[in-house]
$ cat protein_26.txt   # compact mmCIF, C-alpha atoms and all ligand atoms
# COMPACT_ATOMS: atom_id res chain seq x y z
CA LYS A 178 -2.37 -3.08 -33.58
CA ASN A 179 -2.29 -0.53 -30.79
CA PRO A 180 -4.65 -1.32 -27.94
CA ASP A 181 -7.62 0.83 -27.10
CA LEU A 182 -5.63 3.34 -25.14
CA GLY A 183 -8.40 5.52 -23.90
CA PRO A 184 -9.15 9.16 -24.34
CA TRP A 185 -6.53 11.03 -22.31
CA LYS A 186 -4.70 13.62 -24.35
CA VAL A 187 -1.67 15.68 -23.53
CA ALA A 188 -2.75 19.30 -23.59
CA ASN A 189 -1.05 21.99 -25.63
CA ALA A 190 0.40 23.55 -22.51
CA ILE A 191 2.98 20.82 -22.42
CA GLN A 192 3.46 20.63 -26.15
CA ALA A 193 4.00 16.89 -26.01
CA VAL A 194 2.23 15.75 -29.14
CA LEU A 195 0.65 12.35 -28.92
CA LYS A 196 1.08 9.99 -31.82
CA ASP A 197 -2.11 8.29 -30.78
CA THR A 198 -4.54 8.40 -27.91
CA LEU A 199 -2.71 8.05 -24.63
CA GLY A 200 -1.76 4.82 -22.90
CA VAL A 201 -4.37 5.29 -20.26
CA ASP A 202 -7.82 3.91 -19.95
CA VAL A 203 -10.82 5.96 -18.91
CA LEU A 204 -11.24 6.60 -15.22
CA PRO A 205 -14.27 4.75 -13.94
CA LYS A 206 -17.30 6.96 -13.96
CA GLN A 207 -17.81 7.20 -10.23
CA ARG A 208 -14.28 8.55 -9.79
CA CYS A 209 -14.87 11.23 -12.37
CA VAL A 210 -18.03 12.19 -10.51
CA ARG A 211 -16.12 12.26 -7.25
CA ILE A 212 -13.35 14.36 -8.67
CA GLY A 213 -15.67 16.63 -10.64
CA ARG A 214 -13.94 19.54 -12.23
CA ALA A 215 -11.19 19.87 -9.65
CA PRO A 216 -7.73 19.43 -11.13
CA PHE A 217 -6.60 15.90 -10.63
CA VAL A 218 -2.92 15.49 -9.82
CA PHE A 219 -0.85 12.35 -10.17
CA ASN A 220 2.89 12.25 -9.54
CA VAL A 221 4.96 9.18 -10.42
CA LEU A 222 8.61 8.76 -9.53
CA VAL A 223 10.62 6.37 -11.68
CA MET A 224 13.80 4.82 -10.33
CA GLY A 225 16.15 1.96 -10.97
CA GLU A 226 19.58 1.29 -12.34
CA THR A 227 20.70 3.20 -15.45
CA GLY A 228 19.78 1.53 -18.72
CA LEU A 229 16.90 -0.61 -17.45
CA GLY A 230 14.52 1.03 -19.89
CA LYS A 231 12.72 3.49 -17.62
CA THR A 232 12.44 6.24 -20.21
CA THR A 233 11.42 3.83 -22.94
CA PHE A 234 8.78 2.39 -20.62
CA MET A 235 7.29 5.79 -19.74
CA ASN A 236 7.20 6.72 -23.42
CA THR A 237 5.44 3.43 -24.13
CA LEU A 238 3.03 3.92 -21.23
CA PHE A 239 1.94 7.34 -22.47
CA ASN A 240 2.49 6.46 -26.10
CA THR A 241 4.36 9.64 -26.75
CA ASP A 242 7.91 10.95 -26.60
CA LEU A 243 8.41 12.38 -23.15
CA THR A 244 12.18 12.19 -23.45
CA GLU A 245 12.83 15.87 -24.10
CA LYS A 246 10.50 16.81 -21.31
CA ILE A 247 12.27 14.72 -18.71
CA ALA A 248 15.23 17.01 -18.89
CA PRO A 249 17.99 17.72 -18.29
CA LYS A 250 18.83 14.22 -19.38
CA TYR A 251 21.77 12.62 -17.72
CA PRO A 252 24.25 15.27 -16.71
CA GLN A 253 27.57 14.04 -18.17
CA LYS A 254 28.06 10.61 -16.69
CA THR A 255 26.33 11.26 -13.46
CA THR A 256 28.42 12.20 -10.46
CA GLN A 257 25.35 12.31 -8.28
CA VAL A 258 21.72 11.30 -8.38
CA THR A 259 19.44 14.06 -9.60
CA VAL A 260 15.68 14.27 -9.30
CA ASN A 261 13.97 15.72 -12.38
CA PRO A 262 10.22 16.28 -12.34
CA ALA A 263 8.52 16.95 -15.68
CA ASN A 264 4.92 18.09 -15.79
CA PHE A 265 2.24 17.16 -18.27
CA GLU A 266 -1.43 17.93 -18.56
CA LEU A 267 -3.73 15.23 -19.79
CA LYS A 268 -7.32 16.08 -20.66
CA GLU A 269 -10.47 14.10 -21.10
CA ASP A 270 -13.79 15.91 -21.38
CA ASN A 271 -14.25 17.65 -18.04
CA VAL A 272 -11.45 15.91 -16.25
CA THR A 273 -7.91 17.22 -16.31
CA LEU A 274 -5.05 15.09 -15.07
CA HIS A 275 -1.90 16.93 -14.06
CA LEU A 276 0.73 14.28 -14.47
CA SER A 277 4.22 14.64 -13.14
CA ILE A 278 6.90 12.13 -14.09
CA ILE A 279 9.88 12.34 -11.80
CA ASP A 280 13.03 10.82 -13.23
CA THR A 281 16.02 9.98 -11.04
CA PRO A 282 19.07 9.67 -13.31
CA GLY A 283 22.23 8.38 -11.72
CA PHE A 284 20.55 6.09 -9.20
CA GLY A 285 22.53 2.88 -8.85
CA ASP A 286 25.60 4.29 -10.56
CA GLN A 287 27.53 4.98 -7.39
CA LEU A 288 29.05 2.72 -4.82
CA ASN A 289 27.98 4.92 -1.94
CA ARG A 290 24.45 3.74 -1.22
CA GLU A 291 23.53 6.66 1.00
CA LYS A 292 24.49 9.10 -1.72
CA ASN A 293 22.36 7.11 -4.14
CA LEU A 294 19.18 7.31 -2.20
CA GLN A 295 19.39 10.48 -0.14
CA PRO A 296 18.43 12.96 -2.91
CA ILE A 297 15.34 10.87 -3.64
CA LEU A 298 14.32 10.64 0.04
CA ASP A 299 14.93 14.38 0.39
CA TYR A 300 12.76 15.11 -2.63
CA ILE A 301 9.89 13.04 -1.23
CA ASP A 302 10.14 14.71 2.20
CA THR A 303 10.37 18.18 0.70
CA GLN A 304 7.08 17.65 -1.13
CA TYR A 305 5.42 16.53 2.12
CA SER A 306 6.92 19.50 3.91
CA ASN A 307 5.66 21.93 1.26
CA TYR A 308 2.19 20.44 1.51
CA LEU A 309 2.24 20.71 5.30
CA THR A 310 3.32 24.35 5.14
CA GLU A 311 0.41 25.12 2.82
CA GLU A 312 -1.97 23.15 5.01
CA ASN A 313 -0.88 25.07 8.10
CA LYS A 314 -1.71 28.35 6.39
CA LYS A 315 -5.30 27.23 6.83
CA THR A 316 -6.50 28.74 3.59
CA PHE A 317 -9.15 26.08 3.59
CA ARG A 318 -11.07 27.13 0.55
CA GLN A 319 -8.12 26.76 -1.75
CA ALA A 320 -6.87 23.46 -3.05
CA ILE A 321 -3.28 22.88 -1.99
CA PRO A 322 -0.85 22.30 -4.87
CA ASP A 323 0.03 18.65 -4.62
CA THR A 324 3.54 17.70 -5.64
CA ARG A 325 3.73 14.67 -3.33
CA VAL A 326 4.92 11.45 -4.91
CA HIS A 327 1.89 9.17 -5.32
CA ALA A 328 3.71 6.16 -6.70
CA VAL A 329 7.27 4.96 -7.16
CA LEU A 330 7.86 2.66 -10.10
CA TYR A 331 10.92 0.75 -8.92
CA PHE A 332 12.69 -0.97 -11.83
CA ILE A 333 14.44 -4.22 -10.98
CA SER A 334 17.05 -5.78 -13.22
CA PRO A 335 15.70 -8.85 -15.08
CA GLY A 336 17.01 -12.23 -14.14
CA TYR A 337 18.61 -11.71 -10.73
CA GLY A 338 16.05 -10.75 -8.13
CA LEU A 339 16.81 -7.92 -5.71
CA ARG A 340 20.34 -6.60 -5.32
CA GLN A 341 21.60 -5.23 -2.01
CA LEU A 342 21.04 -1.68 -3.25
CA ASP A 343 17.45 -2.51 -4.15
CA ILE A 344 16.79 -3.97 -0.71
CA VAL A 345 18.27 -0.94 1.07
CA ALA A 346 16.38 1.49 -1.15
CA LEU A 347 13.05 -0.34 -0.99
CA LYS A 348 13.25 -0.64 2.79
CA GLU A 349 13.94 3.06 3.16
CA LEU A 350 11.14 4.01 0.81
CA SER A 351 8.65 1.55 2.29
CA ASP A 352 7.20 3.89 4.92
CA LYS A 353 7.29 6.96 2.76
CA VAL A 354 5.59 6.13 -0.52
CA ASN A 355 3.57 3.63 -2.52
CA ILE A 356 6.12 1.32 -4.09
CA ILE A 357 5.25 -0.58 -7.24
CA PRO A 358 8.00 -3.09 -8.09
CA VAL A 359 8.60 -3.58 -11.79
CA ILE A 360 10.89 -6.11 -13.50
CA ALA A 361 12.50 -4.41 -16.48
CA LYS A 362 13.06 -5.80 -19.99
CA ALA A 363 10.72 -8.76 -19.59
CA ASP A 364 11.42 -9.68 -23.22
CA THR A 365 14.89 -10.85 -22.19
CA MET A 366 13.48 -13.66 -20.02
CA LEU A 367 11.75 -16.92 -20.79
CA ALA A 368 8.29 -17.34 -19.26
CA GLU A 369 9.55 -19.87 -16.68
CA GLU A 370 12.52 -17.69 -15.86
CA ARG A 371 10.20 -14.71 -15.38
CA ASP A 372 7.94 -16.66 -13.01
CA LYS A 373 10.92 -17.85 -10.99
CA VAL A 374 12.33 -14.32 -10.70
CA LYS A 375 8.92 -13.03 -9.62
CA GLN A 376 8.73 -15.64 -6.87
CA LYS A 377 12.28 -14.86 -5.79
CA ILE A 378 11.56 -11.13 -5.60
CA LEU A 379 8.33 -11.67 -3.65
CA LYS A 380 10.21 -13.89 -1.23
CA GLU A 381 12.96 -11.29 -0.78
CA ILE A 382 10.38 -8.56 -0.27
CA LYS A 383 8.75 -10.60 2.49
CA LEU A 384 12.02 -11.66 4.06
CA ASN A 385 13.26 -8.09 4.26
CA ASP A 386 9.94 -6.76 5.52
CA ILE A 387 9.57 -4.39 2.57
CA LYS A 388 6.09 -2.90 2.31
CA ILE A 389 5.02 -2.53 -1.28
CA TYR A 390 1.74 -0.93 -2.41
CA SER A 391 -1.20 -3.19 -1.76
CA ILE A 392 -3.76 -3.45 -4.54
CA ASP A 393 -6.26 -4.70 -1.95
CA HIS A 394 -7.55 -1.21 -1.21
CA CYS A 395 -8.69 -0.52 -4.77
CA ASP A 396 -12.37 -0.32 -5.51
CA GLU A 397 -12.72 -2.82 -8.29
CA ASP A 398 -12.87 -6.24 -6.72
CA GLU A 399 -12.79 -8.42 -9.82
CA LEU A 400 -9.93 -6.57 -11.49
CA LYS A 401 -7.77 -6.24 -8.43
CA GLU A 402 -7.70 -9.98 -7.86
CA GLU A 403 -6.39 -10.43 -11.40
CA LEU A 404 -3.89 -7.59 -11.09
CA LYS A 405 -2.52 -8.91 -7.79
CA GLU A 406 -1.39 -12.07 -9.54
CA HIS A 407 0.97 -10.07 -11.74
CA VAL A 408 2.97 -8.35 -8.96
CA PRO A 409 5.87 -7.65 -9.45
CA PHE A 410 4.95 -6.54 -12.96
CA ALA A 411 7.35 -7.81 -15.61
CA VAL A 412 7.26 -5.14 -18.31
CA MET A 413 8.98 -4.09 -21.49
CA GLY A 414 9.04 -0.91 -23.47
CA SER A 415 9.00 -0.17 -27.17
CA GLN A 416 7.16 2.17 -29.42
CA SER A 417 8.39 0.52 -32.60
CA LEU A 418 5.73 -1.15 -34.68
CA VAL A 419 6.85 -4.62 -35.72
CA ASP A 420 5.18 -7.26 -37.84
CA ASN A 421 4.08 -10.31 -35.87
CA GLY A 422 2.98 -12.16 -38.99
CA THR A 423 -0.61 -10.97 -38.96
CA GLU A 424 -0.44 -7.34 -37.96
CA LYS A 425 1.78 -4.47 -36.85
CA VAL A 426 2.18 -4.32 -33.10
CA ARG A 427 4.24 -2.41 -30.56
CA GLY A 428 7.08 -4.71 -29.67
CA ARG A 429 10.62 -5.93 -30.15
CA LYS A 430 11.67 -8.13 -33.02
CA TYR A 431 14.20 -10.90 -32.53
CA ARG A 432 15.57 -13.52 -34.94
CA TRP A 433 13.36 -16.06 -33.22
CA GLY A 434 10.21 -13.96 -33.15
CA VAL A 435 8.39 -10.90 -31.88
CA VAL A 436 7.74 -9.93 -28.25
CA GLU A 437 4.65 -7.76 -28.02
CA VAL A 438 4.24 -4.95 -25.49
CA ASP A 439 0.46 -5.16 -25.34
CA ASN A 440 0.17 -8.93 -25.33
CA PRO A 441 -0.63 -10.16 -21.79
CA GLU A 442 0.93 -13.49 -22.66
CA HIS A 443 4.25 -11.82 -23.38
CA CYS A 444 4.51 -9.37 -20.47
CA ASP A 445 2.53 -7.52 -17.79
CA PHE A 446 2.58 -4.12 -19.51
CA ILE A 447 -1.20 -3.80 -19.90
CA HIS A 448 -1.79 -4.97 -16.35
CA LEU A 449 0.55 -2.33 -14.93
CA GLN A 450 -1.01 0.27 -17.20
CA GLN A 451 -4.50 -0.73 -16.05
CA MET A 452 -3.51 -0.64 -12.41
CA LEU A 453 -1.58 2.62 -12.53
CA MET A 454 -3.80 4.72 -14.73
CA ASN A 455 -7.18 3.29 -13.94
CA THR A 456 -7.95 0.75 -11.24
CA CYS A 457 -5.67 2.08 -8.51
CA LEU A 458 -5.05 5.67 -9.63
CA GLN A 459 -7.43 7.24 -7.13
CA ASP A 460 -6.37 4.87 -4.36
CA LEU A 461 -2.69 5.63 -4.88
CA ILE A 462 -3.44 9.33 -4.39
CA GLU A 463 -5.56 8.69 -1.33
CA THR A 464 -3.10 6.25 0.24
CA THR A 465 -0.40 8.88 -0.18
CA HIS A 466 -2.53 11.42 1.66
CA TYR A 467 -4.07 9.31 4.39
CA LYS A 468 -1.20 6.97 5.09
CA HIS A 469 2.21 8.22 4.02
CA TYR A 470 1.64 11.97 4.35
CA ALA A 471 -0.25 11.41 7.60
CA LEU A 472 2.75 9.52 8.96
CA TYR A 473 5.11 12.31 7.88
CA ARG A 474 2.83 14.89 9.49
CA ALA A 475 2.52 12.91 12.73
CA ASN A 476 6.30 12.50 12.98
CA HIS A 477 6.79 16.16 12.22
CA MET A 478 4.38 17.17 14.98
CA ARG A 479 5.96 14.75 17.41
CA LYS A 480 9.33 16.37 16.73
CA ASP A 481 7.76 19.78 17.30
CA GLY A 482 6.34 18.56 20.59
CA ARG A 483 2.83 19.26 19.36
CA PRO A 484 0.03 16.83 20.18
CA LEU A 485 -0.87 14.43 17.40
CA SER A 486 -3.88 15.65 15.56
CA VAL A 487 -6.71 13.77 13.96
CA LEU A 488 -4.93 13.01 10.74
CA GLN A 489 -2.74 10.33 12.19
CA CYS A 490 -0.89 7.59 10.40
CA ASP A 491 -3.25 4.78 9.71
CA GLU A 492 -1.76 1.38 8.93
CA GLY A 493 -5.17 -0.11 8.30
CA TYR A 494 -6.19 2.68 5.98
CA ASP A 495 -8.93 1.87 3.56
CA SER A 496 -9.47 4.39 0.79
CA LYS A 497 -13.11 3.44 0.44
CA SER A 498 -13.78 5.23 3.69
CA ALA A 499 -11.63 8.22 2.82
CA PRO A 500 -13.22 11.62 2.28
CA GLN A 501 -13.29 13.00 -1.24
CA THR A 502 -13.46 16.68 -0.45
CA GLU A 503 -10.81 19.26 -1.12
CA ASP A 504 -11.83 21.25 1.94
CA SER A 505 -9.27 20.54 4.67
CA SER A 506 -11.39 22.11 7.41
CA ASP A 507 -14.37 19.83 6.80
CA GLU A 508 -12.02 16.95 6.30
CA PHE A 509 -10.38 17.56 9.68
CA THR A 510 -13.71 17.88 11.49
CA ARG A 511 -14.99 14.73 9.86
CA LYS A 512 -11.83 12.82 10.66
CA GLU A 513 -11.91 14.08 14.25
CA GLU A 514 -15.52 12.96 14.62
CA GLU A 515 -14.59 9.59 13.09
CA MET A 516 -11.73 9.19 15.58
CA ARG A 517 -14.00 10.19 18.49
CA GLN A 518 -16.59 7.64 17.43
CA LYS A 519 -13.90 5.02 17.03
CA PHE A 520 -12.69 5.79 20.56
CA VAL A 521 -16.21 5.62 22.04
CA GLN A 522 -16.73 2.34 20.22
CA MET A 523 -13.44 0.98 21.60
CA VAL A 524 -14.44 1.98 25.17
CA ARG A 525 -17.82 0.32 24.73
CA GLU A 526 -16.22 -2.85 23.45
CA LYS A 527 -13.77 -2.86 26.36
CA GLU A 528 -16.58 -2.35 28.86
CA ALA A 529 -18.57 -5.17 27.30
CA SER A 530 -15.55 -7.47 27.43
CA LEU A 531 -14.93 -6.55 31.11
CA ARG A 532 -18.57 -7.26 31.89
CA ASP A 533 -18.23 -10.65 30.20
CA ASN A 534 -15.13 -11.41 32.25
CA GLU A 535 -16.90 -10.38 35.46
CA GLU A 536 -19.86 -12.59 34.66
CA GLN A 537 -17.54 -15.50 33.92
CA LEU A 538 -15.71 -14.99 37.22
CA HIS A 539 -19.03 -14.81 39.05
CA GLN A 540 -20.17 -18.08 37.49
CA LYS A 541 -16.89 -19.72 38.30
CA SER A 542 -16.98 -18.62 41.94
CA LYS A 543 -20.60 -19.85 42.21
CA GLN A 544 -19.54 -23.20 40.86
CA LEU A 545 -16.61 -23.40 43.28
CA MET A 546 -18.86 -22.56 46.23
CA ALA A 547 -21.28 -25.29 45.16
CA GLU A 548 -18.43 -27.78 44.92
CA ILE A 549 -17.13 -26.80 48.37
CA GLU A 550 -20.65 -27.12 49.82
CA ALA A 551 -21.04 -30.58 48.26
CA GLU A 552 -17.68 -31.59 49.67
CA ARG A 553 -18.66 -30.26 53.10
CA ARG A 554 -21.87 -32.28 53.04
CA GLN A 555 -19.99 -35.35 51.97
CA LEU A 556 -17.53 -34.91 54.86
CA GLU A 557 -20.38 -34.43 57.30
CA ALA A 558 -22.02 -37.61 56.08
CA GLU A 559 -18.75 -39.48 56.47
CA GLU A 560 -18.29 -38.06 59.94
CA ARG A 561 -21.78 -39.20 60.92
CA GLU A 562 -21.06 -42.66 59.58
CA ILE A 563 -17.82 -42.88 61.59
CA ASP A 564 -19.72 -41.75 64.70
CA ASN A 565 -22.29 -44.48 64.12
CA LEU A 566 -19.59 -47.10 63.71
CA LEU A 567 -17.86 -45.97 66.90
CA ALA A 568 -21.15 -46.06 68.77
CA GLN A 569 -21.84 -49.61 67.55
CA ARG A 570 -18.37 -50.71 68.62
CA ASP A 571 -18.85 -49.18 72.06
CA GLN A 572 -22.12 -51.01 72.47
CA MET A 573 -20.52 -54.30 71.49
CA THR A 574 -17.67 -53.85 73.99
CA LYS A 575 -20.15 -52.99 76.83
CA LYS A 576 -22.28 -56.26 76.54
CA PRO A 577 -19.95 -58.75 78.42
CA SER A 578 -19.72 -56.46 81.50
CA ILE A 579 -23.55 -56.66 81.80
CA GLY A 580 -23.28 -60.48 81.86
CA LYS A 581 -20.75 -60.43 84.77
CA LYS A 582 -23.19 -58.45 86.90
P1 LIG B 601 19.01 5.78 -18.56
O1 LIG B 601 18.30 6.75 -19.47
O2 LIG B 601 20.44 5.56 -18.92
O3 LIG B 601 18.76 5.98 -17.09
O4 LIG B 601 18.29 4.44 -18.87
P2 LIG B 601 16.80 4.15 -18.87
O5 LIG B 601 16.53 3.26 -17.73
O6 LIG B 601 15.95 5.35 -19.03
O7 LIG B 601 16.75 3.26 -20.16
P3 LIG B 601 16.37 3.68 -21.62
O8 LIG B 601 14.92 3.78 -21.77
O9 LIG B 601 17.19 4.84 -22.02
O10 LIG B 601 16.85 2.36 -22.38
C1 LIG B 601 18.17 1.91 -22.36
C2 LIG B 601 18.38 0.88 -23.47
O11 LIG B 601 17.58 -0.26 -23.21
C3 LIG B 601 17.96 1.38 -24.84
O12 LIG B 601 18.87 0.85 -25.77
C4 LIG B 601 16.60 0.78 -25.07
O13 LIG B 601 16.30 0.52 -26.42
C5 LIG B 601 16.72 -0.52 -24.32
N1 LIG B 601 15.44 -0.95 -23.79
C6 LIG B 601 14.51 -0.18 -23.22
N2 LIG B 601 13.46 -0.90 -22.84
C7 LIG B 601 13.74 -2.19 -23.18
C8 LIG B 601 13.02 -3.42 -23.05
O14 LIG B 601 11.91 -3.49 -22.52
N3 LIG B 601 13.64 -4.53 -23.53
C9 LIG B 601 14.86 -4.50 -24.10
N4 LIG B 601 15.36 -5.63 -24.54
N5 LIG B 601 15.55 -3.36 -24.23
C10 LIG B 601 15.00 -2.21 -23.77
$ encode --input "protein_26.txt" --output "structure tokens" --more "lines below"
Ligand code: GTP
Amino acid sequence: KNPDLGPWKVANAIQAVLKDTLGVDVLPKQRCVRIGRAPFVFNVLVMGETGLGKTTFMNTLFNTDLTEKIAPKYPQKTTQVTVNPANFELKEDNVTLHLSIIDTPGFGDQLNREKNLQPILDYIDTQYSNYLTEENKKTFRQAIPDTRVHAVLYFISPGYGLRQLDIVALKELSDKVNIIPVIAKADTMLAEERDKVKQKILKEIKLNDIKIYSIDHCDEDELKEELKEHVPFAVMGSQSLVDNGTEKVRGRKYRWGVVEVDNPEHCDFIHLQQMLMNTCLQDLIETTHYKHYALYRANHMRKDGRPLSVLQCDEGYDSKSAPQTEDSSDEFTRKEEEMRQKFVQMVREKEASLRDNEEQLHQKSKQLMAEIEAERRQLEAEEREIDNLLAQRDQMTKKPSIGKK
């Protein structure tokens, strides 16, 4: 049985006919309200070694055949990595989602690592650069076409953990985009094997200081805790319906049994789907704008020798506090005011802490003075006592001379 896949539909414009409703759940209501009728853009870049099942996975995710659209498919045994965006339009009631799936055939096929990654890094930067150019035109009332990459699904080979190429690529991408690590072909691993590989990958990510997308910023507290447990997502892809003994399900049939795509006990497909197309969709877009793009913009301005503006890179970015307006002018003013208030607050806190320190020093000096005074009194008392003793001794030594008289 196919899961309840939600109401997104690929519009005619793209002529990708869905076999069923799309593999996306409904956006939570408040997000739809926030977005209103404005076109809603989401760009996902898919990368990983050839043959890991990226295309099959995307087809499974959107429950349609995107293959022809992600063209041109592999230029005769790839001599270089190419970056192929394919655009789709998904509609639900008043909300339109412009989805772009960016395929990167050839990645991992070459020995030269720089050659492998550079076209992808260039593509990401070019989209930031295009956005910045539009932004600088200051046509505030118009929404800027957004082709920036909002998420990178990075496919990792099952069974081994990260290879050197993965580490190099993930490190390079870390500061540029939201990385979502995905273990491919989860059906080829036993459950214990899968858990071990997940632990190994998480360890390698930490060890190599790779920053992957953090689900923590998403709105939905209950869901995000559950989703976090599944990172890196071990997924599989298949649109074939197979018989699991009781019903027809999407999955892969083996001699020993059936592995089901939509069964959370078999793989993390539905968790990744939930995270990507629902729980974290809005946050991925906002994190791209307020963190990664802001960093690009700040670096760009630094290179130009221009002062950093209000939209600076923000490591501690929290999408809940991010503005939802399309109007860059208002957004800038608001952000500037926010920064000013933050600065005033910081100065106040610093002043308060200096006052505290001063008070502490004052108390300490008072205490020291009191101690010195007590010591002085003590010494005086001792001095008096010694004087008394000396006087007594003098008196005692004088007595016999009186007797002689
Ligand atoms: P390229 O198109 O060569 O870059 O590969 P890709 O990563 O897009 O993989 P693709 O989807 O073309 O799948 C490659 C092969 O792996 C096909 O034979 C698929 O049937 C198979 N495959 C895809 N997904 C899975 C999976 O989840 N499990 C298993 N066991 N096989 C898969």
$ residues_near_ligand --input "protein_26.txt" --ligand "ligand LIG 601 (chain B)" --cutoff "8 Å" --atoms "all atoms listed in the file" --output "ChimeraX atom specification"
/A:225-234,250-251,281-283,361-365,412-415,429
$ closest_atom_pairs --input "protein_26.txt" --of "region 266-350 of chain A" --to "region 446-468 of chain A" --cutoff "8 Å" --atoms "all atoms listed in the file" --output "tab-separated table"
residue	atom	partner	partner_atom	distance
A:Arg325	CA	A:Thr465	CA	7.8
A:Val326	CA	A:Thr465	CA	7.6
A:His327	CA	A:Ile462	CA	5.4
A:Ala328	CA	A:Leu461	CA	6.7
$ write_last_selection --input "protein_26.txt" --atoms "C-alpha atoms" --output "compact mmCIF listing (two decimals), keeping the file's coordinate frame"
# COMPACT_ATOMS: atom_id res chain seq x y z
CA ARG A 325 3.73 14.67 -3.33
CA VAL A 326 4.92 11.45 -4.91
CA HIS A 327 1.89 9.17 -5.32
CA ALA A 328 3.71 6.16 -6.70
$ atom_distance --input "protein_26.txt" --atom1 "CA of His407 (chain A)" --atom2 "CA of Cys444 (chain A)"
9.4 Å
$ atom_distance --input "protein_26.txt" --atom1 "CA of Ala558 (chain A)" --atom2 "CA of Gln544 (chain A)"
21.1 Å
$ atom_distance --input "protein_26.txt" --atom1 "CA of Arg474 (chain A)" --atom2 "CA of Ser306 (chain A)"
8.3 Å
$ residues_around --input "protein_26.txt" --residues "Ile382 (chain A)" --least-positions-apart "2" --cutoff "12 Å" --atoms "only C-alpha atoms" --output "PyMOL selection string"
chain A and resi 338-341+343-348+351+356-358+375-380+384-390+408-409
$ axis_aligned_box --input "protein_26.txt" --around "region 468-477 of chain A" --padding-each-side "4 Å" --output "AutoDock Vina command-line options"
--center_x 2.8 --center_y 11.6 --center_z 8.5 --size_x 16.0 --size_y 17.2 --size_z 17.0
$ build_atoms --input "protein_26.txt" --residues "region 302-313 of chain A" --atoms "N, CA, C and O atoms" --output "PDB file, in the coordinates of the input"
ATOM      1  N   ASP A 302      10.435  13.980   0.949  1.00  0.00           N
ATOM      2  CA  ASP A 302      10.140  14.710   2.200  1.00  0.00           C
ATOM      3  C   ASP A 302       9.845  16.186   1.926  1.00  0.00           C
ATOM      4  O   ASP A 302       8.979  16.777   2.570  1.00  0.00           O
ATOM      5  N   THR A 303      10.588  16.760   0.996  1.00  0.00           N
ATOM      6  CA  THR A 303      10.370  18.180   0.700  1.00  0.00           C
ATOM      7  C   THR A 303       8.943  18.414   0.196  1.00  0.00           C
ATOM      8  O   THR A 303       8.296  19.396   0.550  1.00  0.00           O
ATOM      9  N   GLN A 304       8.450  17.472  -0.600  1.00  0.00           N
ATOM     10  CA  GLN A 304       7.080  17.650  -1.130  1.00  0.00           C
ATOM     11  C   GLN A 304       6.065  17.555   0.003  1.00  0.00           C
ATOM     12  O   GLN A 304       5.097  18.310   0.041  1.00  0.00           O
ATOM     13  N   TYR A 305       6.313  16.630   0.954  1.00  0.00           N
ATOM     14  CA  TYR A 305       5.420  16.530   2.120  1.00  0.00           C
ATOM     15  C   TYR A 305       5.492  17.826   2.931  1.00  0.00           C
ATOM     16  O   TYR A 305       4.479  18.347   3.383  1.00  0.00           O
ATOM     17  N   SER A 306       6.718  18.298   3.107  1.00  0.00           N
ATOM     18  CA  SER A 306       6.920  19.500   3.910  1.00  0.00           C
ATOM     19  C   SER A 306       6.209  20.697   3.273  1.00  0.00           C
ATOM     20  O   SER A 306       5.553  21.480   3.957  1.00  0.00           O
ATOM     21  N   ASN A 307       6.331  20.826   1.952  1.00  0.00           N
ATOM     22  CA  ASN A 307       5.660  21.930   1.260  1.00  0.00           C
ATOM     23  C   ASN A 307       4.147  21.851   1.450  1.00  0.00           C
ATOM     24  O   ASN A 307       3.476  22.854   1.663  1.00  0.00           O
ATOM     25  N   TYR A 308       3.640  20.635   1.375  1.00  0.00           N
ATOM     26  CA  TYR A 308       2.190  20.440   1.510  1.00  0.00           C
ATOM     27  C   TYR A 308       1.755  20.830   2.921  1.00  0.00           C
ATOM     28  O   TYR A 308       0.749  21.504   3.111  1.00  0.00           O
ATOM     29  N   LEU A 309       2.564  20.416   3.905  1.00  0.00           N
ATOM     30  CA  LEU A 309       2.240  20.710   5.300  1.00  0.00           C
ATOM     31  C   LEU A 309       2.254  22.219   5.553  1.00  0.00           C
ATOM     32  O   LEU A 309       1.381  22.764   6.232  1.00  0.00           O
ATOM     33  N   THR A 310       3.241  22.895   4.979  1.00  0.00           N
ATOM     34  CA  THR A 310       3.320  24.350   5.140  1.00  0.00           C
ATOM     35  C   THR A 310       2.049  24.999   4.603  1.00  0.00           C
ATOM     36  O   THR A 310       1.449  25.861   5.248  1.00  0.00           O
ATOM     37  N   GLU A 311       1.626  24.557   3.427  1.00  0.00           N
ATOM     38  CA  GLU A 311       0.410  25.120   2.820  1.00  0.00           C
ATOM     39  C   GLU A 311      -0.808  24.802   3.690  1.00  0.00           C
ATOM     40  O   GLU A 311      -1.672  25.658   3.889  1.00  0.00           O
ATOM     41  N   GLU A 312      -0.830  23.588   4.200  1.00  0.00           N
ATOM     42  CA  GLU A 312      -1.970  23.150   5.010  1.00  0.00           C
ATOM     43  C   GLU A 312      -2.060  24.000   6.277  1.00  0.00           C
ATOM     44  O   GLU A 312      -3.145  24.364   6.701  1.00  0.00           O
ATOM     45  N   ASN A 313      -0.888  24.304   6.860  1.00  0.00           N
ATOM     46  CA  ASN A 313      -0.880  25.070   8.100  1.00  0.00           C
ATOM     47  C   ASN A 313      -1.290  26.528   7.907  1.00  0.00           C
ATOM     48  O   ASN A 313      -1.606  27.220   8.865  1.00  0.00           O
TER      49      ASN A 313
END
